[in-house]
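The structure file input-v6.cif is reproduced below (mmCIF, C-alpha atoms).
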```cif
data_coords
#
loop_
_atom_site.group_PDB
_atom_site.id
_atom_site.type_symbol
_atom_site.label_atom_id
_atom_site.label_comp_id
_atom_site.auth_asym_id
_atom_site.auth_seq_id
_atom_site.Cartn_x
_atom_site.Cartn_y
_atom_site.Cartn_z
ATOM 1 C CA MET V 1 -54.103 -88.908 57.372
ATOM 2 C CA SER V 2 -56.517 -86.547 55.705
ATOM 3 C CA TYR V 3 -56.604 -84.286 58.765
ATOM 4 C CA GLN V 4 -52.803 -84.089 58.864
ATOM 5 C CA LEU V 5 -52.678 -83.098 55.195
ATOM 6 C CA ASP V 6 -55.296 -80.394 55.704
ATOM 7 C CA SER V 7 -53.427 -79.098 58.724
ATOM 8 C CA LYS V 8 -50.167 -78.857 56.781
ATOM 9 C CA MET V 9 -51.869 -77.018 53.930
ATOM 10 C CA ARG V 10 -53.490 -74.599 56.361
ATOM 11 C CA ASN V 11 -50.185 -73.852 58.077
ATOM 12 C CA LYS V 12 -48.499 -73.308 54.710
ATOM 13 C CA THR V 13 -51.267 -70.908 53.666
ATOM 14 C CA LEU V 14 -50.967 -68.930 56.891
ATOM 15 C CA TRP V 15 -47.192 -68.703 56.368
ATOM 16 C CA ILE V 16 -47.569 -67.341 52.825
ATOM 17 C CA LEU V 17 -50.447 -64.925 53.549
ATOM 18 C CA PRO V 18 -48.315 -62.080 55.040
ATOM 19 C CA PHE V 19 -46.108 -62.080 51.946
ATOM 20 C CA LEU V 20 -49.147 -61.877 49.659
ATOM 21 C CA LEU V 21 -50.538 -58.977 51.643
ATOM 22 C CA PHE V 22 -47.169 -57.209 51.507
ATOM 23 C CA ALA V 23 -46.994 -57.721 47.747
ATOM 24 C CA LEU V 24 -50.482 -56.277 47.249
ATOM 25 C CA VAL V 25 -49.746 -53.207 49.364
ATOM 26 C CA TRP V 26 -46.391 -52.654 47.669
ATOM 27 C CA ALA V 27 -47.762 -53.073 44.126
ATOM 28 C CA SER V 28 -50.904 -50.969 44.513
ATOM 29 C CA PRO V 29 -49.266 -47.496 44.265
ATOM 30 C CA MET V 30 -47.516 -48.547 41.059
ATOM 31 C CA LYS V 31 -50.897 -48.801 39.356
ATOM 32 C CA SER V 32 -52.996 -46.095 40.979
ATOM 33 C CA GLY V 33 -50.627 -43.663 42.640
ATOM 34 C CA ALA V 34 -51.503 -40.921 40.143
ATOM 35 C CA GLN V 35 -55.172 -41.236 41.047
ATOM 36 C CA ASN V 36 -54.345 -41.025 44.765
ATOM 37 C CA VAL V 37 -52.674 -37.650 44.244
ATOM 38 C CA VAL V 38 -55.583 -36.318 42.187
ATOM 39 C CA LEU V 39 -58.076 -37.555 44.776
ATOM 40 C CA ALA V 40 -56.268 -35.786 47.598
ATOM 41 C CA ASP V 41 -56.306 -32.510 45.657
ATOM 42 C CA ALA V 42 -59.953 -32.873 44.624
ATOM 43 C CA ARG V 43 -61.145 -33.368 48.203
ATOM 44 C CA HIS V 44 -59.920 -29.844 48.934
ATOM 45 C CA ALA V 45 -61.622 -28.339 45.890
ATOM 46 C CA ASP V 46 -63.752 -26.124 48.167
ATOM 47 C CA ILE V 47 -60.757 -23.783 48.630
ATOM 48 C CA ASP V 48 -59.964 -23.698 44.916
ATOM 49 C CA SER V 49 -61.797 -21.168 42.772
ATOM 50 C CA ASP V 50 -61.575 -23.550 39.802
ATOM 51 C CA PHE V 51 -64.540 -25.518 41.208
ATOM 52 C CA TYR V 52 -68.126 -24.738 42.216
ATOM 53 C CA LEU V 53 -68.365 -27.784 44.523
ATOM 54 C CA ASP V 54 -65.911 -30.253 46.020
ATOM 55 C CA VAL V 55 -66.053 -34.056 45.873
ATOM 56 C CA SER V 56 -67.930 -34.328 49.188
ATOM 57 C CA GLN V 57 -70.721 -32.115 47.803
ATOM 58 C CA LEU V 58 -71.222 -34.280 44.724
ATOM 59 C CA SER V 59 -73.133 -37.554 44.614
ATOM 60 C CA ASP V 60 -71.133 -40.670 45.571
ATOM 61 C CA LEU V 61 -71.417 -42.891 42.490
ATOM 62 C CA LEU V 62 -70.267 -45.919 44.477
ATOM 63 C CA LYS V 63 -73.559 -45.784 46.386
ATOM 64 C CA TRP V 64 -75.908 -45.973 43.397
ATOM 65 C CA LEU V 65 -74.147 -46.450 40.068
ATOM 66 C CA PRO V 66 -73.956 -50.171 39.117
ATOM 67 C CA ALA V 67 -70.512 -51.740 39.011
ATOM 68 C CA PRO V 68 -68.959 -52.327 35.572
ATOM 69 C CA PRO V 69 -70.029 -55.630 33.944
ATOM 70 C CA ASP V 70 -68.238 -58.828 34.833
ATOM 71 C CA THR V 71 -66.325 -60.313 31.913
ATOM 72 C CA ILE V 72 -68.569 -63.423 31.883
ATOM 73 C CA SER V 73 -71.806 -61.411 31.845
ATOM 74 C CA GLU V 74 -74.248 -60.694 29.042
ATOM 75 C CA ALA V 75 -73.602 -56.980 29.559
ATOM 76 C CA PHE V 76 -69.902 -57.480 28.808
ATOM 77 C CA ALA V 77 -70.841 -59.359 25.630
ATOM 78 C CA HIS V 78 -72.694 -56.181 24.635
ATOM 79 C CA ASP V 79 -69.568 -54.170 25.468
ATOM 80 C CA LEU V 80 -67.584 -56.380 23.098
ATOM 81 C CA MET V 81 -70.161 -56.041 20.322
ATOM 82 C CA ARG V 82 -70.091 -52.251 20.668
ATOM 83 C CA TYR V 83 -66.296 -52.278 20.649
ATOM 84 C CA PHE V 84 -66.342 -54.025 17.279
ATOM 85 C CA TRP V 85 -69.014 -51.567 16.095
ATOM 86 C CA GLY V 86 -66.611 -48.772 16.998
ATOM 87 C CA LYS V 87 -63.906 -50.369 14.882
ATOM 88 C CA THR V 88 -66.225 -50.400 11.856
ATOM 89 C CA GLN V 89 -66.790 -46.650 12.306
ATOM 90 C CA ARG V 90 -63.072 -46.054 11.813
ATOM 91 C CA LEU V 91 -63.567 -46.992 8.158
ATOM 92 C CA ASP V 92 -65.279 -43.612 7.774
ATOM 93 C CA SER V 93 -62.231 -41.324 7.744
ATOM 94 C CA GLU V 94 -64.299 -38.236 8.613
ATOM 95 C CA ARG V 95 -65.887 -39.898 11.661
ATOM 96 C CA ALA V 96 -62.536 -41.296 12.736
ATOM 97 C CA GLN V 97 -61.015 -37.811 12.584
ATOM 98 C CA ILE V 98 -63.836 -36.425 14.722
ATOM 99 C CA ALA V 99 -63.146 -39.163 17.286
ATOM 100 C CA VAL V 100 -59.490 -38.149 17.388
ATOM 101 C CA GLY V 101 -60.451 -34.485 17.804
ATOM 102 C CA ASP V 102 -62.870 -35.354 20.611
ATOM 103 C CA ALA V 103 -59.967 -36.848 22.566
ATOM 104 C CA ASP V 104 -58.839 -33.260 23.295
ATOM 105 C CA PHE V 105 -59.925 -32.824 26.928
ATOM 106 C CA SER V 106 -59.194 -29.091 27.105
ATOM 107 C CA ILE V 107 -61.869 -26.418 27.297
ATOM 108 C CA GLU V 108 -60.624 -25.156 23.929
ATOM 109 C CA GLY V 109 -61.168 -28.620 22.491
ATOM 110 C CA VAL V 110 -64.688 -28.818 23.929
ATOM 111 C CA GLY V 111 -65.468 -25.339 22.627
ATOM 112 C CA GLU V 112 -64.338 -26.283 19.149
ATOM 113 C CA ALA V 113 -66.386 -29.489 19.189
ATOM 114 C CA PHE V 114 -69.609 -27.749 20.277
ATOM 115 C CA SER V 115 -69.343 -24.271 18.726
ATOM 116 C CA VAL V 116 -71.299 -25.120 15.557
ATOM 117 C CA PRO V 117 -74.388 -26.629 17.245
ATOM 118 C CA PHE V 118 -74.135 -23.975 19.986
ATOM 119 C CA GLY V 119 -74.348 -21.193 17.415
ATOM 120 C CA LEU V 120 -71.239 -19.263 18.507
ATOM 121 C CA PRO V 121 -67.506 -19.911 18.478
ATOM 122 C CA ILE V 122 -66.446 -20.349 22.111
ATOM 123 C CA SER V 123 -63.180 -18.819 23.300
ATOM 124 C CA LYS V 124 -61.653 -17.157 26.330
ATOM 125 C CA GLU V 125 -61.381 -13.862 24.430
ATOM 126 C CA GLY V 126 -64.606 -13.845 22.413
ATOM 127 C CA THR V 127 -67.032 -15.345 24.957
ATOM 128 C CA PRO V 128 -65.338 -14.883 28.367
ATOM 129 C CA GLU V 129 -68.454 -15.450 30.507
ATOM 130 C CA ILE V 130 -69.461 -18.607 28.627
ATOM 131 C CA TYR V 131 -65.865 -19.848 28.675
ATOM 132 C CA ASN V 132 -65.628 -19.210 32.422
ATOM 133 C CA LEU V 133 -68.852 -21.124 33.064
ATOM 134 C CA LEU V 134 -67.767 -24.095 30.957
ATOM 135 C CA GLU V 135 -64.286 -24.246 32.454
ATOM 136 C CA ARG V 136 -65.331 -24.114 36.088
ATOM 137 C CA GLY V 137 -68.546 -26.085 35.515
ATOM 138 C CA LEU V 138 -66.817 -28.945 33.693
ATOM 139 C CA ASN V 139 -63.962 -28.991 36.199
ATOM 140 C CA THR V 140 -66.589 -29.546 38.889
ATOM 141 C CA ILE V 141 -68.585 -32.131 36.941
ATOM 142 C CA ASP V 142 -65.376 -34.088 36.241
ATOM 143 C CA LEU V 143 -64.772 -34.574 39.982
ATOM 144 C CA ILE V 144 -67.663 -37.029 40.244
ATOM 145 C CA CYS V 145 -65.705 -39.775 38.461
ATOM 146 C CA ILE V 146 -62.639 -39.787 40.707
ATOM 147 C CA LEU V 147 -63.931 -42.219 43.358
ATOM 148 C CA PRO V 148 -65.319 -44.906 41.004
ATOM 149 C CA LYS V 149 -62.311 -44.752 38.679
ATOM 150 C CA GLU V 150 -60.017 -45.274 41.669
ATOM 151 C CA PHE V 151 -62.208 -47.996 43.160
ATOM 152 C CA TYR V 152 -62.793 -50.157 40.072
ATOM 153 C CA MET V 153 -59.614 -49.481 38.036
ATOM 154 C CA ARG V 154 -61.290 -51.235 35.113
ATOM 155 C CA LYS V 155 -59.070 -52.247 32.211
ATOM 156 C CA ARG V 156 -59.683 -50.435 28.951
ATOM 157 C CA PRO V 157 -60.410 -52.253 25.665
ATOM 158 C CA PHE V 158 -56.946 -51.743 24.232
ATOM 159 C CA GLU V 159 -55.394 -53.170 27.424
ATOM 160 C CA ARG V 160 -57.625 -56.238 27.555
ATOM 161 C CA LEU V 161 -57.672 -56.984 23.814
ATOM 162 C CA HIS V 162 -54.119 -55.797 23.003
ATOM 163 C CA GLU V 163 -55.245 -53.819 19.974
ATOM 164 C CA PRO V 164 -54.219 -50.360 18.748
ATOM 165 C CA THR V 165 -56.320 -47.233 19.295
ATOM 166 C CA LEU V 166 -56.823 -44.054 17.298
ATOM 167 C CA VAL V 167 -54.894 -42.126 19.956
ATOM 168 C CA PRO V 168 -51.670 -44.105 20.549
ATOM 169 C CA GLU V 169 -50.008 -41.109 22.170
ATOM 170 C CA ASP V 170 -52.613 -41.228 24.978
ATOM 171 C CA GLU V 171 -52.394 -44.943 25.742
ATOM 172 C CA SER V 172 -49.649 -44.886 28.395
ATOM 173 C CA LEU V 173 -51.495 -42.272 30.440
ATOM 174 C CA LEU V 174 -54.911 -43.875 29.943
ATOM 175 C CA ALA V 175 -53.575 -47.200 31.213
ATOM 176 C CA LEU V 176 -52.956 -45.529 34.603
ATOM 177 C CA ASN V 177 -56.545 -44.292 34.781
ATOM 178 C CA GLY V 178 -59.552 -46.559 35.294
ATOM 179 C CA SER V 179 -61.951 -47.005 32.399
ATOM 180 C CA TYR V 180 -65.213 -46.829 34.410
ATOM 181 C CA PRO V 181 -66.919 -44.407 34.079
ATOM 182 C CA SER V 182 -65.695 -42.539 31.002
ATOM 183 C CA GLY V 183 -64.354 -39.111 31.909
ATOM 184 C CA HIS V 184 -64.698 -37.928 28.311
ATOM 185 C CA ALA V 185 -68.342 -39.025 28.199
ATOM 186 C CA ILE V 186 -68.889 -37.100 31.442
ATOM 187 C CA ARG V 187 -67.268 -34.020 29.962
ATOM 188 C CA GLY V 188 -69.111 -34.237 26.630
ATOM 189 C CA TRP V 189 -72.545 -34.816 28.142
ATOM 190 C CA GLY V 190 -71.902 -32.210 30.843
ATOM 191 C CA ALA V 191 -70.897 -29.647 28.197
ATOM 192 C CA ALA V 192 -74.056 -30.362 26.222
ATOM 193 C CA LEU V 193 -76.276 -29.871 29.294
ATOM 194 C CA LEU V 194 -74.545 -26.606 30.249
ATOM 195 C CA MET V 195 -74.837 -25.220 26.709
ATOM 196 C CA VAL V 196 -78.503 -26.210 26.436
ATOM 197 C CA GLU V 197 -79.192 -24.117 29.546
ATOM 198 C CA ILE V 198 -77.511 -21.163 27.835
ATOM 199 C CA ASN V 199 -79.118 -21.728 24.417
ATOM 200 C CA PRO V 200 -82.254 -23.916 24.760
ATOM 201 C CA GLU V 201 -83.203 -23.361 21.111
ATOM 202 C CA ALA V 202 -80.235 -25.516 20.092
ATOM 203 C CA ALA V 203 -81.059 -28.369 22.488
ATOM 204 C CA ASP V 204 -81.550 -31.005 19.778
ATOM 205 C CA THR V 205 -78.189 -30.534 18.106
ATOM 206 C CA LEU V 206 -76.279 -29.905 21.338
ATOM 207 C CA LEU V 207 -77.548 -33.108 22.935
ATOM 208 C CA ALA V 208 -76.884 -35.055 19.741
ATOM 209 C CA ARG V 209 -73.324 -33.735 19.743
ATOM 210 C CA GLY V 210 -72.991 -34.683 23.415
ATOM 211 C CA LEU V 211 -73.945 -38.268 22.577
ATOM 212 C CA MET V 212 -71.560 -38.258 19.646
ATOM 213 C CA TYR V 213 -68.731 -37.064 21.914
ATOM 214 C CA GLY V 214 -69.147 -40.144 24.100
ATOM 215 C CA ASP V 215 -69.421 -42.469 21.107
ATOM 216 C CA SER V 216 -66.062 -41.139 19.945
ATOM 217 C CA ARG V 217 -64.466 -43.000 22.845
ATOM 218 C CA LEU V 218 -65.819 -46.303 21.508
ATOM 219 C CA ILE V 219 -64.554 -45.506 18.034
ATOM 220 C CA ALA V 220 -61.137 -44.529 19.399
ATOM 221 C CA GLY V 221 -60.993 -47.893 21.181
ATOM 222 C CA VAL V 222 -60.314 -46.510 24.655
ATOM 223 C CA HIS V 223 -63.652 -47.158 26.403
ATOM 224 C CA TRP V 224 -66.394 -49.763 26.675
ATOM 225 C CA GLN V 225 -70.038 -48.899 26.013
ATOM 226 C CA SER V 226 -70.895 -49.372 29.700
ATOM 227 C CA ASP V 227 -68.172 -46.828 30.597
ATOM 228 C CA VAL V 228 -69.788 -44.271 28.302
ATOM 229 C CA ASP V 229 -73.331 -45.004 29.517
ATOM 230 C CA ALA V 230 -72.221 -44.607 33.131
ATOM 231 C CA GLY V 231 -70.433 -41.377 32.240
ATOM 232 C CA ARG V 232 -73.607 -39.825 30.879
ATOM 233 C CA LEU V 233 -75.532 -40.755 34.048
ATOM 234 C CA ALA V 234 -72.737 -39.366 36.213
ATOM 235 C CA ALA V 235 -72.658 -36.080 34.281
ATOM 236 C CA SER V 236 -76.417 -35.665 34.669
ATOM 237 C CA ALA V 237 -76.142 -36.161 38.442
ATOM 238 C CA ALA V 238 -73.282 -33.681 38.767
ATOM 239 C CA TYR V 239 -75.043 -31.141 36.525
ATOM 240 C CA ALA V 240 -78.146 -31.251 38.739
ATOM 241 C CA LEU V 241 -76.056 -30.621 41.859
ATOM 242 C CA LEU V 242 -74.247 -27.699 40.228
ATOM 243 C CA HIS V 243 -77.469 -25.734 40.662
ATOM 244 C CA THR V 244 -77.061 -25.893 44.451
ATOM 245 C CA SER V 245 -74.081 -23.528 44.060
ATOM 246 C CA GLU V 246 -74.976 -19.838 44.165
ATOM 247 C CA ALA V 247 -71.730 -18.994 42.375
ATOM 248 C CA PHE V 248 -72.727 -21.318 39.530
ATOM 249 C CA ARG V 249 -76.192 -19.774 39.224
ATOM 250 C CA ILE V 250 -74.699 -16.274 39.094
ATOM 251 C CA GLN V 251 -72.194 -17.268 36.410
ATOM 252 C CA MET V 252 -74.886 -19.065 34.393
ATOM 253 C CA ALA V 253 -76.909 -15.831 34.342
ATOM 254 C CA LYS V 254 -73.824 -13.959 33.079
ATOM 255 C CA ALA V 255 -73.242 -16.579 30.370
ATOM 256 C CA GLN V 256 -76.870 -16.428 29.249
ATOM 257 C CA ALA V 257 -76.741 -12.617 29.109
ATOM 258 C CA GLU V 258 -73.534 -12.735 27.076
ATOM 259 C CA PHE V 259 -75.086 -15.201 24.627
ATOM 260 C CA ARG V 260 -78.190 -13.044 24.183
ATOM 261 C CA ARG V 261 -76.065 -9.940 23.635
ATOM 262 C CA LEU V 262 -73.855 -11.606 21.031
ATOM 263 C CA LYS V 263 -76.867 -13.054 19.216
ATOM 264 C CA GLY V 264 -78.821 -9.791 19.371
ATOM 265 C CA LEU V 265 -81.640 -11.253 21.485
ATOM 266 C CA PRO V 266 -83.815 -9.315 23.987
ATOM 267 C CA ASP V 267 -82.183 -8.944 27.409
ATOM 268 C CA ASP V 268 -85.275 -10.014 29.341
ATOM 269 C CA HIS V 269 -85.712 -13.401 27.623
ATOM 270 C CA ALA V 270 -83.469 -16.437 27.664
ATOM 271 C CA THR V 271 -84.916 -17.471 24.317
ATOM 272 C CA ALA V 272 -86.483 -15.696 21.364
ATOM 273 C CA PRO V 273 -88.319 -16.689 18.185
ATOM 274 C CA LEU V 274 -85.980 -18.147 15.586
ATOM 275 C CA ALA V 275 -86.920 -15.349 13.203
ATOM 276 C CA ASN V 276 -85.192 -12.869 15.520
ATOM 277 C CA MET V 277 -81.925 -14.784 15.591
ATOM 278 C CA GLU V 278 -78.864 -13.764 13.660
ATOM 279 C CA ARG V 279 -78.586 -15.491 10.282
ATOM 280 C CA ASP V 280 -76.174 -18.400 10.110
ATOM 281 C CA ASP V 281 -75.297 -19.555 6.595
ATOM 282 C CA ARG V 282 -73.484 -22.667 7.811
ATOM 283 C CA GLU V 283 -75.208 -26.053 7.453
ATOM 284 C CA TYR V 284 -74.607 -28.923 9.833
ATOM 285 C CA THR V 285 -76.070 -32.287 10.785
ATOM 286 C CA LEU V 286 -78.135 -33.096 13.845
ATOM 287 C CA SER V 287 -74.922 -34.458 15.360
ATOM 288 C CA GLY V 288 -73.404 -30.988 15.148
ATOM 289 C CA THR V 289 -70.865 -31.742 12.412
ATOM 290 C CA PRO V 290 -70.583 -29.621 9.249
ATOM 291 C CA ALA V 291 -72.818 -30.834 6.417
ATOM 292 C CA THR V 292 -71.235 -31.593 3.048
ATOM 293 C CA PRO V 293 -72.840 -31.508 -0.416
ATOM 294 C CA GLN V 294 -73.268 -35.278 -0.090
ATOM 295 C CA THR V 295 -75.111 -35.102 3.260
ATOM 296 C CA ARG V 296 -78.674 -36.430 3.121
ATOM 297 C CA GLY V 297 -81.445 -36.363 5.691
ATOM 298 C CA VAL V 298 -82.111 -33.639 8.257
ATOM 299 C CA VAL V 299 -79.652 -30.726 8.349
ATOM 300 C CA ILE V 300 -79.675 -27.386 10.176
ATOM 301 C CA SER V 301 -79.527 -24.322 7.956
ATOM 302 C CA ASP V 302 -80.035 -20.736 9.144
ATOM 303 C CA ASN V 303 -81.012 -22.096 12.592
ATOM 304 C CA GLN V 304 -83.808 -24.172 11.054
ATOM 305 C CA LYS V 305 -84.193 -27.850 10.187
ATOM 306 C CA LYS V 306 -84.624 -28.923 6.591
ATOM 307 C CA VAL V 307 -84.541 -32.261 4.795
ATOM 308 C CA ARG V 308 -82.130 -33.083 2.009
ATOM 309 C CA ARG V 309 -83.243 -35.926 -0.230
#
```

Starting from the coordinates I provided, produce the structure as structure tokens.
Amino acid sequence: MSYQLDSKMRNKTLWILPFLLFALVWASPMKSGAQNVVLADARHADIDSDFYLDVSQLSDLLKWLPAPPDTISEAFAHDLMRYFWGKTQRLDSERAQIAVGDADFSIEGVGEAFSVPFGLPISKEGTPEIYNLLERGLNTIDLICILPKEFYMRKRPFERLHEPTLVPEDESLLALNGSYPSGHAIRGWGAALLMVEINPEAADTLLARGLMYGDSRLIAGVHWQSDVDAGRLAASAAYALLHTSEAFRIQMAKAQAEFRRLKGLPDDHATAPLANMERDDREYTLSGTPATPQTRGVVISDNQKKVRR
């Protein structure tokens, strides 16, 4: 009797299986078709001058980057705690506004976010060599996240928790793009690393701003902490491989020369004593945001650190 029942169940399962497989194949493009198109284009990045490397020349994150945390894991509990931390940061209207500004993925948006800690306003007209390096360098660094985003298609916090974000206009597009790793964290950390190579004297504030850029995604409610952490690792890997490109090394030298010229530094040194640098009357925090009269702690003034008590 038991055997007959098992046999009937097995036959029923075999009968249903083809329909399940058909449903999965049919439904898959509805969720990730946009990523499939991007992936096809990115694999041919070697013939596009917008990139220094193509996807095949970058590290495969699926081979070494840990998978996103399971929802029953301790790591996911940490993700949830950090999500609620991000919501508390929205109570600070200034920090919330920075998070909204950091959602701008354009090179102009990145330039605006990093220009104060970098020491120069970044633009296509005013700093063409630096702009060119950032645009092509970040385009290349961004490619490293395509495979894992497509593979994991992790749900974002606002999808899983059904809560609003600080960037409601972005939600429909973000829902089509996997959460792991964070592309914005990759871009922010990659920008910080590129700018540090151009202006090493500003490393502290540039790296702090790079961290802050990733944290903005938690505050906006569109990424988990593990997405952001993975993004920073991914950016570091891609940045290291950028140096295998001769075209990148040539453009980096041009960007460094342009920075030295605009800052009045000697041509034969990438850095110079702070005393030789152009005066900068602006004051800003270690995170790279403008300081206010109420700001306390360490601030940067005239390219030097000082403590406000």

Restricting to all atoms listed in the file, whichever of V:Ile144, V:Leu161, V:Glu112, V:Pro117 is closest to V:Leu207 is V:Pro117

Exercise. Tell me which of V:Leu241, V:Glu163, V:Phe105, V:Phe114 sits closest to V:Gly183, counting all atoms listed in the file.
Key: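 Comparing V:Leu241, V:Glu163, V:Phe105, V:Phe114 against V:Gly183, the winner is V:Phe105.
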
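Of note, atom CA of V:Phe76 and atom CA of V:Arg232 are spaced 18.2 Å apart.
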
Practice prompt. Could you expand the PyMOL selection byres ((chain V and resi 254-258) around 10) into the explicit residues it covers here, written as a count of residues only?
Written response: 31

Which one of V:Leu147, V:Leu53, V:Leu218, V:Val299 sits closest to V:Leu65 if you count only C-alpha atoms?
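Of all the options, V:Leu147 lies closest to V:Leu65.
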
Using all atoms listed in the file, the shortest atom-to-atom distance to V:Gly109 among V:Leu173, V:Asp215, V:Ala191, V:Pro66 belongs to V:Ala191

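The space between atom CA of V:Ile98 and atom CA of V:Arg160 spans 24.4 Å.
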
Specify as an NGL selection string each residue included when the PyMOL selection byres ((chain V and resi 118) around 12) is applied to this file.
-> :V and (110-117 or 119-122 or 130 or 191-210 or 259 or 263 or 280 or 284 or 286-289 or 300 or 303)

message = I need the output of the PyMOL selection byres ((chain V and resi 166) around 12) for this file as a VMD selection string; which residues are they?
response = chain V and resid 86 to 87 89 to 91 93 95 to 103 158 163 to 165 167 to 171 216 to 223

Include C-alpha atoms and write out the residues we just selected as a compact mmCIF listing (two decimals), keeping the file's coordinate frame.
```
# COMPACT_ATOMS: atom_id res chain seq x y z
CA GLY V 86 -66.61 -48.77 17.00
CA LYS V 87 -63.91 -50.37 14.88
CA GLN V 89 -66.79 -46.65 12.31
CA ARG V 90 -63.07 -46.05 11.81
CA LEU V 91 -63.57 -46.99 8.16
CA SER V 93 -62.23 -41.32 7.74
CA ARG V 95 -65.89 -39.90 11.66
CA ALA V 96 -62.54 -41.30 12.74
CA GLN V 97 -61.02 -37.81 12.58
CA ILE V 98 -63.84 -36.42 14.72
CA ALA V 99 -63.15 -39.16 17.29
CA VAL V 100 -59.49 -38.15 17.39
CA GLY V 101 -60.45 -34.48 17.80
CA ASP V 102 -62.87 -35.35 20.61
CA ALA V 103 -59.97 -36.85 22.57
CA PHE V 158 -56.95 -51.74 24.23
CA GLU V 163 -55.24 -53.82 19.97
CA PRO V 164 -54.22 -50.36 18.75
CA THR V 165 -56.32 -47.23 19.30
CA VAL V 167 -54.89 -42.13 19.96
CA PRO V 168 -51.67 -44.10 20.55
CA GLU V 169 -50.01 -41.11 22.17
CA ASP V 170 -52.61 -41.23 24.98
CA GLU V 171 -52.39 -44.94 25.74
CA SER V 216 -66.06 -41.14 19.94
CA ARG V 217 -64.47 -43.00 22.84
CA LEU V 218 -65.82 -46.30 21.51
CA ILE V 219 -64.55 -45.51 18.03
CA ALA V 220 -61.14 -44.53 19.40
CA GLY V 221 -60.99 -47.89 21.18
CA VAL V 222 -60.31 -46.51 24.66
CA HIS V 223 -63.65 -47.16 26.40
```

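Candidate residues V:Ser226, V:Leu242, V:Gly231, V:Phe151 were compared for distance to V:Met81, and the nearest is V:Ser226, using only C-alpha atoms.
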
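Rounded to one decimal, atom CA of V:Ser59 and atom CA of V:Ala175 lie 25.6 Å from each other.
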
Using all atoms listed in the file, the best pick from V:Gly214, V:Pro148, V:Asp70, V:Ala234 as closest to V:Ala185 would be V:Gly214

Selection: 12 Å around V:Pro68, only C-alpha atoms, excl. self and same-chain fewer than 2 positions, as an NGL selection string:
:V and (61-62 or 65-66 or 70-76 or 79 or 148-149 or 151-156 or 178-182 or 223-231)
